[in-house]
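Just target30.cif here, mmCIF, C-alpha atoms:
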```cif
data_run
#
loop_
_atom_site.label_atom_id
_atom_site.label_comp_id
_atom_site.auth_asym_id
_atom_site.auth_seq_id
_atom_site.Cartn_x
_atom_site.Cartn_y
_atom_site.Cartn_z
CA MET U 1 23.79 22.23 26.90
CA ILE U 2 20.04 22.00 26.28
CA ASP U 3 17.43 22.63 28.94
CA ARG U 4 14.19 20.76 29.36
CA GLN U 5 12.07 23.20 27.35
CA GLN U 6 14.45 23.30 24.38
CA PHE U 7 14.74 19.54 24.48
CA LEU U 8 10.97 19.03 24.21
CA VAL U 9 10.91 21.29 21.15
CA ARG U 10 13.90 19.79 19.41
CA ALA U 11 12.95 16.18 20.11
CA GLN U 12 9.27 16.92 19.35
CA LEU U 13 8.11 15.29 22.55
CA GLU U 14 5.24 15.81 24.97
CA ILE U 15 6.29 16.56 28.52
CA GLU U 16 4.45 13.50 29.87
CA THR U 17 6.24 11.26 27.41
CA LEU U 18 9.60 12.67 28.42
CA ASP U 19 8.88 11.98 32.08
CA VAL U 20 7.98 8.37 31.33
CA TRP U 21 11.11 7.87 29.24
CA ILE U 22 13.30 9.28 31.97
CA LYS U 23 11.57 7.09 34.54
CA GLU U 24 12.23 4.06 32.32
CA GLU U 25 15.86 5.23 32.06
CA TRP U 26 15.65 5.27 28.29
CA LEU U 27 16.93 8.82 28.64
CA VAL U 28 19.28 9.83 31.42
CA PRO U 29 19.76 13.61 31.48
CA ARG U 30 22.35 15.22 33.69
CA GLU U 31 20.83 16.48 36.90
CA ASP U 32 22.16 19.49 38.72
CA ALA U 33 20.91 22.29 40.96
CA THR U 34 19.25 24.17 38.11
CA GLY U 35 17.40 21.13 36.79
CA GLN U 36 17.87 18.62 33.97
CA GLU U 37 20.37 19.16 31.20
CA PHE U 38 20.28 17.40 27.84
CA SER U 39 22.75 17.02 25.00
CA ASP U 40 22.69 16.24 21.28
CA VAL U 41 23.15 12.58 22.15
CA ASP U 42 19.87 12.67 24.07
CA ILE U 43 18.07 14.25 21.12
CA ALA U 44 19.35 11.65 18.70
CA ARG U 45 18.40 8.96 21.20
CA ALA U 46 14.89 10.37 21.52
CA HIS U 47 14.53 10.16 17.71
CA LEU U 48 15.70 6.58 17.84
CA ILE U 49 13.13 5.72 20.51
CA LYS U 50 10.40 7.31 18.39
CA ASP U 51 11.55 5.34 15.33
CA LEU U 52 11.43 2.11 17.32
CA LYS U 53 8.05 2.87 18.82
CA HIS U 54 6.19 4.35 15.89
CA ASP U 55 7.95 3.24 12.72
CA LEU U 56 9.00 -0.23 13.77
CA GLY U 57 6.10 -0.95 16.11
CA VAL U 58 8.26 -2.09 19.02
CA ASN U 59 6.35 -2.24 22.30
CA ASP U 60 7.60 -0.54 25.48
CA GLU U 61 9.16 -3.70 26.94
CA GLY U 62 11.04 -4.26 23.72
CA ILE U 63 12.42 -0.74 23.61
CA GLY U 64 14.29 -1.10 26.90
CA VAL U 65 15.82 -4.37 25.71
CA ILE U 66 16.84 -2.91 22.35
CA LEU U 67 18.36 0.23 23.86
CA ASN U 68 20.39 -1.84 26.27
CA LEU U 69 21.74 -4.01 23.45
CA ILE U 70 22.49 -0.96 21.30
CA ASP U 71 24.41 0.58 24.21
CA GLN U 72 26.43 -2.60 24.47
CA VAL U 73 27.17 -2.59 20.74
CA HIS U 74 28.42 0.98 20.97
CA GLY U 75 30.55 0.10 23.99
CA LEU U 76 32.05 -2.76 22.01
CA ARG U 77 32.56 -0.58 18.93
CA ARG U 78 34.35 2.05 20.96
CA THR U 79 36.58 -0.48 22.65
CA LEU U 80 37.31 -2.25 19.38
CA ARG U 81 38.28 1.07 17.84
CA ASP U 82 40.54 1.91 20.81
CA LEU U 83 42.06 -1.53 20.64
CA LEU U 84 42.80 -1.26 16.91
CA HIS U 85 44.24 2.18 17.49
CA THR U 86 46.52 0.88 20.23
CA VAL U 87 47.60 -2.14 18.22
CA ARG U 88 48.36 0.06 15.21
CA ASN U 89 50.45 2.45 17.31
CA ASN U 90 52.40 -0.41 18.83
CA THR U 91 53.03 -1.92 15.41
CA ASP U 92 54.30 1.39 14.04
CA SER U 93 56.83 1.99 16.74
CA MET Y 1 14.39 8.59 -6.07
CA ASP Y 2 13.90 6.78 -9.35
CA LYS Y 3 12.58 3.44 -8.28
CA ASN Y 4 8.90 2.85 -7.86
CA PRO Y 5 7.97 2.94 -4.14
CA TYR Y 6 5.90 -0.23 -4.53
CA GLU Y 7 8.97 -2.06 -5.80
CA ILE Y 8 11.14 -0.67 -3.03
CA LEU Y 9 8.80 -2.01 -0.37
CA GLY Y 10 8.13 -5.19 -2.37
CA VAL Y 11 4.35 -4.78 -2.35
CA GLN Y 12 1.59 -4.78 -4.97
CA ARG Y 13 -0.43 -1.74 -6.00
CA SER Y 14 -3.50 -3.55 -4.76
CA ASP Y 15 -2.10 -4.28 -1.29
CA SER Y 16 -3.79 -2.83 1.78
CA ALA Y 17 -2.36 -0.17 4.08
CA GLU Y 18 -1.68 -2.88 6.68
CA ASP Y 19 0.27 -4.95 4.18
CA ILE Y 20 2.33 -1.91 3.30
CA GLN Y 21 3.05 -1.14 6.94
CA LYS Y 22 4.01 -4.76 7.54
CA ALA Y 23 6.36 -4.73 4.55
CA TYR Y 24 7.90 -1.45 5.70
CA ARG Y 25 8.48 -2.66 9.23
CA ARG Y 26 10.07 -5.86 8.02
CA LEU Y 27 12.55 -3.88 5.92
CA ALA Y 28 13.10 -1.15 8.52
CA LYS Y 29 13.97 -3.66 11.22
CA LYS Y 30 16.66 -4.99 8.93
CA LEU Y 31 17.91 -1.65 7.62
CA HIS Y 32 17.47 0.98 10.34
CA PRO Y 33 20.96 2.52 10.69
CA ASP Y 34 20.82 2.43 14.48
CA LEU Y 35 20.29 -1.31 14.32
CA ASN Y 36 23.28 -1.54 11.95
CA PRO Y 37 25.79 0.89 13.46
CA GLY Y 38 28.68 -0.53 11.45
CA ASN Y 39 26.97 -0.72 8.05
CA ARG Y 40 27.18 2.51 6.05
CA GLU Y 41 25.10 1.17 3.16
CA SER Y 42 22.12 0.50 5.36
CA GLU Y 43 21.54 4.24 5.74
CA GLU Y 44 21.03 4.79 2.00
CA GLN Y 45 18.78 1.77 1.70
CA PHE Y 46 16.81 2.76 4.77
CA LYS Y 47 16.24 6.26 3.40
CA GLN Y 48 14.79 4.83 0.20
CA VAL Y 49 12.52 2.50 2.12
CA ALA Y 50 11.43 5.28 4.49
CA SER Y 51 10.68 7.66 1.61
CA ALA Y 52 8.67 5.01 -0.17
CA TYR Y 53 6.73 4.35 3.01
CA ASP Y 54 6.12 8.05 3.61
CA LEU Y 55 4.46 8.23 0.26
CA LEU Y 56 2.46 5.02 0.39
CA SER Y 57 1.38 5.32 4.03
CA ASP Y 58 -0.43 8.59 3.33
CA PRO Y 59 -3.69 7.67 1.54
CA GLU Y 60 -3.90 11.00 -0.22
CA LYS Y 61 -0.33 10.97 -1.48
CA ARG Y 62 -0.67 7.35 -2.47
CA ALA Y 63 -3.80 8.12 -4.52
CA ARG Y 64 -2.11 11.05 -6.23
CA PHE Y 65 0.91 8.91 -7.02
CA ASP Y 66 -1.33 6.15 -8.40
CA ARG Y 67 -3.05 8.69 -10.67
CA GLY Y 68 0.36 9.90 -11.86
CA GLU Y 69 -0.05 13.39 -10.38
CA ILE Y 70 3.16 13.24 -8.34
CA ASP Y 71 6.29 11.19 -8.74
CA ALA Y 72 8.19 9.33 -6.10
CA SER Y 73 10.69 12.13 -5.53
CA GLY Y 74 7.95 14.24 -3.94
CA ALA Y 75 8.24 12.19 -0.82
CA GLU Y 76 11.87 12.74 0.19
CA ARG Y 77 12.21 12.74 3.92
CA PRO Y 78 13.85 15.63 5.67
CA GLN Y 79 17.44 14.90 6.67
CA HIS Y 80 17.35 12.42 9.49
CA GLU Y 81 20.13 12.22 12.03
CA PHE Y 82 20.79 8.86 13.54
CA TYR Y 83 21.72 7.99 17.09
CA ARG Y 84 24.74 6.00 15.93
CA ASP Y 85 26.39 9.22 14.73
CA TYR Y 86 26.42 10.44 18.34
CA ALA Y 87 26.69 7.31 20.39
CA GLY Y 88 30.09 6.15 19.25
CA ALA Y 89 31.57 9.35 17.92
CA GLY Y 90 34.88 10.73 19.07
CA PRO Y 91 36.55 10.57 22.43
CA GLY Y 92 35.02 11.84 25.65
CA TYR Y 93 32.00 11.09 27.73
CA HIS Y 94 29.29 8.86 26.33
CA PRO Y 95 26.54 8.62 28.88
CA TYR Y 96 24.79 5.55 27.49
CA THR Y 97 27.62 3.45 26.17
CA THR Y 98 28.19 0.48 28.43
CA ASP Y 99 30.82 -2.19 28.89
CA SER Y 100 28.37 -4.85 30.00
CA GLY Y 101 28.78 -6.64 26.68
CA TYR Y 102 32.45 -7.45 27.31
CA ALA Y 103 33.44 -6.48 30.86
CA ASP Y 104 34.13 -10.10 31.77
CA ILE Y 105 36.70 -10.43 29.00
CA MET Y 106 38.48 -7.26 30.06
CA ASP Y 107 38.48 -8.18 33.74
CA SER Y 108 40.42 -11.31 33.00
CA ASP Y 109 43.27 -9.22 31.65
CA GLU Y 110 44.76 -6.47 33.76
CA ILE Y 111 46.60 -4.86 30.84
CA LEU Y 112 43.46 -4.63 28.70
CA SER Y 113 41.32 -3.34 31.51
CA ASN Y 114 43.89 -0.63 32.21
CA LEU Y 115 44.05 0.35 28.57
CA PHE Y 116 40.33 0.75 28.22
CA ARG Y 117 39.27 2.23 31.48
CA GLY Y 118 38.06 5.30 29.55
CA ALA Y 119 35.32 3.37 27.82
CA ARG Y 120 34.00 1.82 30.95
CA THR Y 121 31.42 3.88 32.72
CA ARG Y 122 27.68 4.11 32.76
CA GLY Y 123 25.16 6.10 34.66
CA ARG Y 124 25.30 9.07 36.97
CA GLY Y 125 26.57 9.58 40.44
CA ASP Y 126 29.46 7.16 40.12
CA GLY Y 127 32.42 8.16 42.26
CA ARG Y 128 35.44 9.56 40.56
CA ASN Y 129 38.62 7.62 39.98
CA VAL Y 130 41.56 8.67 42.09
CA GLN Y 131 45.13 8.50 40.91
CA TYR Y 132 48.16 7.58 42.95
CA LYS Y 133 51.82 7.01 42.27
CA LEU Y 134 53.73 4.16 43.77
CA THR Y 135 57.47 3.62 43.48
CA VAL Y 136 58.59 -0.01 43.69
CA GLU Y 137 61.97 -1.70 43.63
CA PHE Y 138 63.03 -3.29 40.35
CA LEU Y 139 62.92 -6.82 41.73
CA SER Y 140 59.51 -6.26 43.38
CA ALA Y 141 58.10 -5.29 40.00
CA VAL Y 142 59.66 -8.28 38.25
CA ASN Y 143 58.79 -10.87 40.88
CA GLY Y 144 55.61 -9.33 42.30
CA ALA Y 145 55.09 -7.84 45.75
CA THR Y 146 52.57 -6.14 47.99
CA SER Y 147 53.12 -2.44 48.63
CA ARG Y 148 51.26 -0.02 50.84
CA VAL Y 149 49.94 3.35 49.72
CA ILE Y 150 48.86 5.83 52.38
CA LEU Y 151 45.75 7.66 51.20
CA PRO Y 152 45.08 11.36 51.86
CA ASP Y 153 42.49 10.44 54.51
CA GLY Y 154 45.18 8.53 56.41
CA SER Y 155 43.96 5.05 55.60
CA ALA Y 156 46.28 2.54 54.00
CA LEU Y 157 45.73 0.73 50.75
CA ASP Y 158 47.58 -2.50 50.07
CA VAL Y 159 48.46 -2.72 46.42
CA VAL Y 160 49.29 -6.08 44.96
CA VAL Y 161 51.95 -5.43 42.36
CA PRO Y 162 51.72 -8.43 40.06
CA ALA Y 163 54.88 -10.11 38.80
CA GLY Y 164 55.98 -8.53 35.54
CA THR Y 165 54.63 -5.04 36.26
CA ARG Y 166 56.19 -2.43 33.99
CA ASP Y 167 57.39 1.06 34.68
CA GLY Y 168 54.47 3.43 34.02
CA GLN Y 169 51.84 0.70 34.22
CA ILE Y 170 48.60 1.63 35.92
CA LEU Y 171 47.02 -0.78 38.34
CA ARG Y 172 43.31 -0.44 38.86
CA LEU Y 173 41.87 -1.09 42.31
CA ARG Y 174 38.19 -1.41 41.73
CA GLY Y 175 35.98 0.54 44.11
CA LYS Y 176 38.88 2.19 45.97
CA GLY Y 177 38.29 5.66 44.50
CA GLU Y 178 35.83 8.28 45.62
CA PRO Y 179 32.46 7.00 46.84
CA GLY Y 180 29.46 7.22 44.50
CA ILE Y 181 26.50 9.49 45.03
CA GLY Y 182 22.89 8.37 45.02
CA GLY Y 183 23.53 4.67 44.65
CA GLY Y 184 26.35 5.17 42.17
CA GLU Y 185 29.33 2.88 42.16
CA PRO Y 186 32.48 4.08 43.90
CA GLY Y 187 35.29 5.08 41.55
CA ASP Y 188 38.52 3.18 41.17
CA ALA Y 189 41.98 3.89 42.46
CA LEU Y 190 44.42 4.04 39.58
CA VAL Y 191 47.91 3.45 40.85
CA GLU Y 192 50.69 4.36 38.49
CA ILE Y 193 53.76 2.27 39.13
CA GLU Y 194 57.21 3.74 38.91
CA VAL Y 195 59.88 1.07 38.83
CA LYS Y 196 63.28 2.07 40.25
CA PRO Y 197 66.24 1.16 38.08
CA HIS Y 198 68.41 -1.74 39.23
CA ARG Y 199 72.14 -1.62 39.83
CA PHE Y 200 72.89 -4.16 37.06
CA PHE Y 201 69.65 -5.60 35.66
CA VAL Y 202 67.98 -3.73 32.81
CA ARG Y 203 64.55 -4.66 31.57
CA ASP Y 204 63.94 -4.93 27.85
CA GLY Y 205 60.32 -5.91 27.25
CA ASP Y 206 59.94 -9.33 28.83
CA ASP Y 207 63.68 -9.97 28.81
CA ILE Y 208 66.23 -9.05 31.43
CA HIS Y 209 69.55 -7.76 30.23
CA LEU Y 210 72.72 -8.09 32.26
CA ASP Y 211 76.28 -7.00 31.46
CA LEU Y 212 78.54 -9.65 32.98
CA PRO Y 213 82.24 -8.90 33.45
CA ILE Y 214 84.57 -11.87 32.96
CA SER Y 215 88.33 -12.01 33.43
CA LEU Y 216 90.84 -12.44 30.65
CA THR Y 217 91.61 -15.94 31.92
CA GLU Y 218 87.91 -16.94 31.98
CA ALA Y 219 87.49 -15.56 28.47
CA VAL Y 220 90.45 -17.44 27.05
CA LEU Y 221 90.06 -20.74 28.87
CA GLY Y 222 86.34 -20.85 29.52
CA ALA Y 223 84.85 -21.13 33.02
CA GLU Y 224 81.82 -21.80 35.14
CA VAL Y 225 80.72 -18.57 36.79
CA ARG Y 226 78.00 -17.50 39.19
CA VAL Y 227 75.50 -15.18 37.50
CA PRO Y 228 72.80 -13.25 39.34
CA THR Y 229 69.25 -13.58 38.00
CA THR Y 230 66.13 -11.85 39.28
CA THR Y 231 65.32 -14.99 41.26
CA GLY Y 232 68.78 -15.78 42.64
CA ALA Y 233 72.22 -16.77 41.35
CA VAL Y 234 72.76 -19.61 38.89
CA ILE Y 235 75.93 -21.24 37.55
CA VAL Y 236 76.57 -20.51 33.90
CA LYS Y 237 79.18 -22.13 31.67
CA VAL Y 238 81.21 -19.55 29.79
CA PRO Y 239 82.60 -21.22 26.67
CA LYS Y 240 86.27 -21.12 25.82
CA GLY Y 241 87.49 -18.18 23.75
CA VAL Y 242 84.49 -15.87 24.11
CA ASN Y 243 84.80 -12.18 23.40
CA THR Y 244 83.25 -9.00 24.73
CA GLY Y 245 79.75 -8.57 23.32
CA ARG Y 246 78.98 -12.27 23.15
CA VAL Y 247 75.47 -12.86 24.52
CA LEU Y 248 74.49 -15.93 26.49
CA ARG Y 249 70.79 -16.56 26.86
CA LEU Y 250 69.17 -18.02 29.95
CA LYS Y 251 65.83 -19.24 28.66
CA GLY Y 252 62.86 -18.53 30.88
CA LYS Y 253 64.84 -16.44 33.38
CA GLY Y 254 63.17 -13.21 32.25
CA VAL Y 255 59.92 -11.56 33.28
CA VAL Y 256 56.64 -13.44 33.72
CA ARG Y 257 54.12 -12.55 31.00
CA PRO Y 258 50.38 -12.30 31.65
CA ASP Y 259 49.88 -15.71 30.00
CA GLY Y 260 52.30 -17.34 32.46
CA SER Y 261 55.18 -17.80 30.04
CA GLN Y 262 58.49 -16.06 30.72
CA GLY Y 263 61.02 -13.96 28.86
CA ASP Y 264 64.75 -14.69 28.88
CA GLN Y 265 67.74 -13.29 30.65
CA ASN Y 266 70.39 -12.17 28.19
CA ILE Y 267 73.92 -12.04 29.52
CA SER Y 268 76.22 -9.80 27.58
CA LEU Y 269 79.83 -10.75 28.32
CA LYS Y 270 82.44 -8.09 28.91
CA VAL Y 271 86.08 -9.12 29.07
CA VAL Y 272 87.81 -7.07 31.74
CA LEU Y 273 91.57 -6.77 32.23
CA PRO Y 274 92.90 -6.82 35.79
CA GLU Y 275 92.95 -3.42 37.54
CA LYS Y 276 96.68 -3.61 37.60
CA ILE Y 277 98.68 -5.34 34.86
CA ASP Y 278 101.24 -7.52 36.68
CA PRO Y 279 104.75 -8.25 35.34
CA ASP Y 280 103.79 -11.75 34.16
CA LEU Y 281 101.00 -10.49 31.94
CA GLU Y 282 103.14 -7.70 30.66
CA ALA Y 283 105.96 -10.11 29.84
CA PHE Y 284 103.51 -12.43 28.12
CA ALA Y 285 102.14 -9.62 25.93
CA MET Y 286 105.68 -8.51 25.08
CA ASN Y 287 106.59 -11.93 23.82
CA TRP Y 288 103.26 -12.73 22.12
CA THR Y 289 104.10 -12.31 18.43
CA ALA Y 290 100.66 -13.13 17.06
CA GLY Y 291 99.09 -10.63 19.44
CA LYS Y 292 101.29 -7.84 18.15
CA ALA Y 293 100.45 -8.65 14.56
CA GLU Y 294 96.70 -8.68 15.14
CA ASN Y 295 94.73 -5.54 14.28
CA PRO Y 296 91.17 -5.58 15.71
CA ARG Y 297 90.45 -2.29 13.88
CA SER Y 298 91.18 -3.61 10.42
CA GLY Y 299 87.49 -3.42 9.53
CA MET Y 300 87.39 0.31 10.29
CA GLU Y 301 89.74 1.51 7.58
CA GLY Y 302 88.28 3.66 4.84
#
```
What would you get if you wrote out this structure as structure tokens?
Amino acid sequence: MIDRQQFLVRAQLEIETLDVWIKEEWLVPREDATGQEFSDVDIARAHLIKDLKHDLGVNDEGIGVILNLIDQVHGLRRTLRDLLHTVRNNTDS
Amino acid sequence: MDKNPYEILGVQRSDSAEDIQKAYRRLAKKLHPDLNPGNRESEEQFKQVASAYDLLSDPEKRARFDRGEIDASGAERPQHEFYRDYAGAGPGYHPYTTDSGYADIMDSDEILSNLFRGARTRGRGDGRNVQYKLTVEFLSAVNGATSRVILPDGSALDVVVPAGTRDGQILRLRGKGEPGIGGGEPGDALVEIEVKPHRFFVRDGDDIHLDLPISLTEAVLGAEVRVPTTTGAVIVKVPKGVNTGRVLRLKGKGVVRPDGSQGDQNISLKVVLPEKIDPDLEAFAMNWTAGKAENPRSGMEG
């Protein structure tokens, strides 16, 4: 697990930016008694947000919408993969 | 990279920095791998476009390239990891992945929603799912019933066991698990159903199988006999001259499927001699010449 300080370094983020992103729920770190914990998924997600914002010129309202749709696509992809897996297993037996 | 960065972005050497940025953004919106999670080729194309833009968006590099001092390969981007490689990868917990793109479809089908409960969480503080076991009678599972589970805290939970429930099936009771924390949703109760075996019905998929004993007389002469089904007895015509192993099918007397259609009940006939062979039968067999000559094992030789 990655703590807040390491996360800022690895994601190349300013602390103020991180706080805004967490407030917007673009990033949702795990919270526990010792503070916030991040993972590799969060780092990759932070890079994606930076790509959207800086490279693609998406404004802040647009980023929330895009992230939500991307999360849905990944939910669908996961379920589709599980479904295919299940169907394949049932066909084999 | 061999291609000219101007060609890759589809711009002219004379175009302004804004034109180049516009061209890049148009391509990147189409090709960014995280906007194309299922398209492997987009990553390669996006890298080319991004490298070309790296070079042309930096006035100094662009000028050096234009003068022929550096070639396009000088602008390779460092290895970039994409969100899609984490978001959907492998089993386990994916904090951002959500089912809100398809939850309605799953909810309409109990079997599907049970299969994919693993993929269906989002956010923190949601209560945990709690698992229970519930044993139900064979006929309750086939025909549907309501059963009561007593929870560890003493409260009772009425579980609707839908008609057609299978042994080992898990019923999900939404919101009946542990409560959520900090505004999180409560978890679900997952009730695993154990179906007791029946004295004479056996379930085979959506069909019900039944071994039905018939007497020698019924087998030889044919008869109308009462046959139990999961929904009560029916009268079935046993044709003349049937043998052990002959299967009669009662269409639609099997288990209800999720789509409302029904399986069949298959009756496997079993010719049974009387417990005690009486003198009449014995005398008949003694004098039955054709019966003595017949060898039912003739196919087993060699």
Using all atoms listed in the file, determine which residues lie at most 6 Å from Gly75 of chain U, disregarding the query and same-chain residues fewer than 6 positions distant; provide the list as a PyMOL selection string. chain Y and resi 97-99
Taking (20.7, -3.5, 24.3) in the coordinates of the supplied file, I want to know which residues reach to within 12 Å of it, counting only C-alpha atoms; could you give the answer as a PyMOL selection string? (chain U and resi 26+61-76) or (chain Y and resi 34-35+96-101)
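Separating atom CA of Leu190 of chain Y from atom CA of Arg77 of chain U is a distance of 24.3 Å.
Closest approach to chain Y from the set U:Val41, U:Val58, U:Leu52, U:Leu80 is made by U:Val41, with distances taken over all atoms listed in the file.
Nearest to His94 of chain Y of all the residues U:Val28, U:Leu13, U:Ile2, U:Leu8 is U:Val28, based on only C-alpha atoms.
Among the candidates Y:Leu212, Y:Trp288, Y:Pro258, Y:Val238, the residue lying nearest to Val271 of chain Y is Y:Leu212 (atoms considered: only C-alpha atoms).
Once the PyMOL selection byres ((chain Y and resi 37) around 10) is applied to this file, the selection holds Ile70, Val73, His74 and Arg77 of chain U; His32, Pro33, Asp34, Leu35, Asn36, Gly38, Asn39, Arg40, Ser42, Glu43, Phe82, Tyr83, Arg84, Asp85, Ala87 and Gly88 of chain Y.
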Selection result for the PyMOL selection byres ((chain U and resi 11) around 7) on this file, as a ChimeraX atom specification: /U:7-10,12-13,43,46-47
Near-segment 149-153 of chain Y list (12 Å; all atoms listed in the file; drop same-chain fewer than 3 positions) as a VMD selection string: chain Y and resid 130 to 136 146 156 to 161 173 176 to 178 189 to 193
Store the residues of this selection in a file with C-alpha atoms, as a compact mmCIF listing (two decimals), in the frame of the given file.
```
# COMPACT_ATOMS: atom_id res chain seq x y z
CA VAL Y 130 41.56 8.67 42.09
CA GLN Y 131 45.13 8.50 40.91
CA TYR Y 132 48.16 7.58 42.95
CA LYS Y 133 51.82 7.01 42.27
CA LEU Y 134 53.73 4.16 43.77
CA THR Y 135 57.47 3.62 43.48
CA VAL Y 136 58.59 -0.01 43.69
CA THR Y 146 52.57 -6.14 47.99
CA ALA Y 156 46.28 2.54 54.00
CA LEU Y 157 45.73 0.73 50.75
CA ASP Y 158 47.58 -2.50 50.07
CA VAL Y 159 48.46 -2.72 46.42
CA VAL Y 160 49.29 -6.08 44.96
CA VAL Y 161 51.95 -5.43 42.36
CA LEU Y 173 41.87 -1.09 42.31
CA LYS Y 176 38.88 2.19 45.97
CA GLY Y 177 38.29 5.66 44.50
CA GLU Y 178 35.83 8.28 45.62
CA ALA Y 189 41.98 3.89 42.46
CA LEU Y 190 44.42 4.04 39.58
CA VAL Y 191 47.91 3.45 40.85
CA GLU Y 192 50.69 4.36 38.49
CA ILE Y 193 53.76 2.27 39.13
```
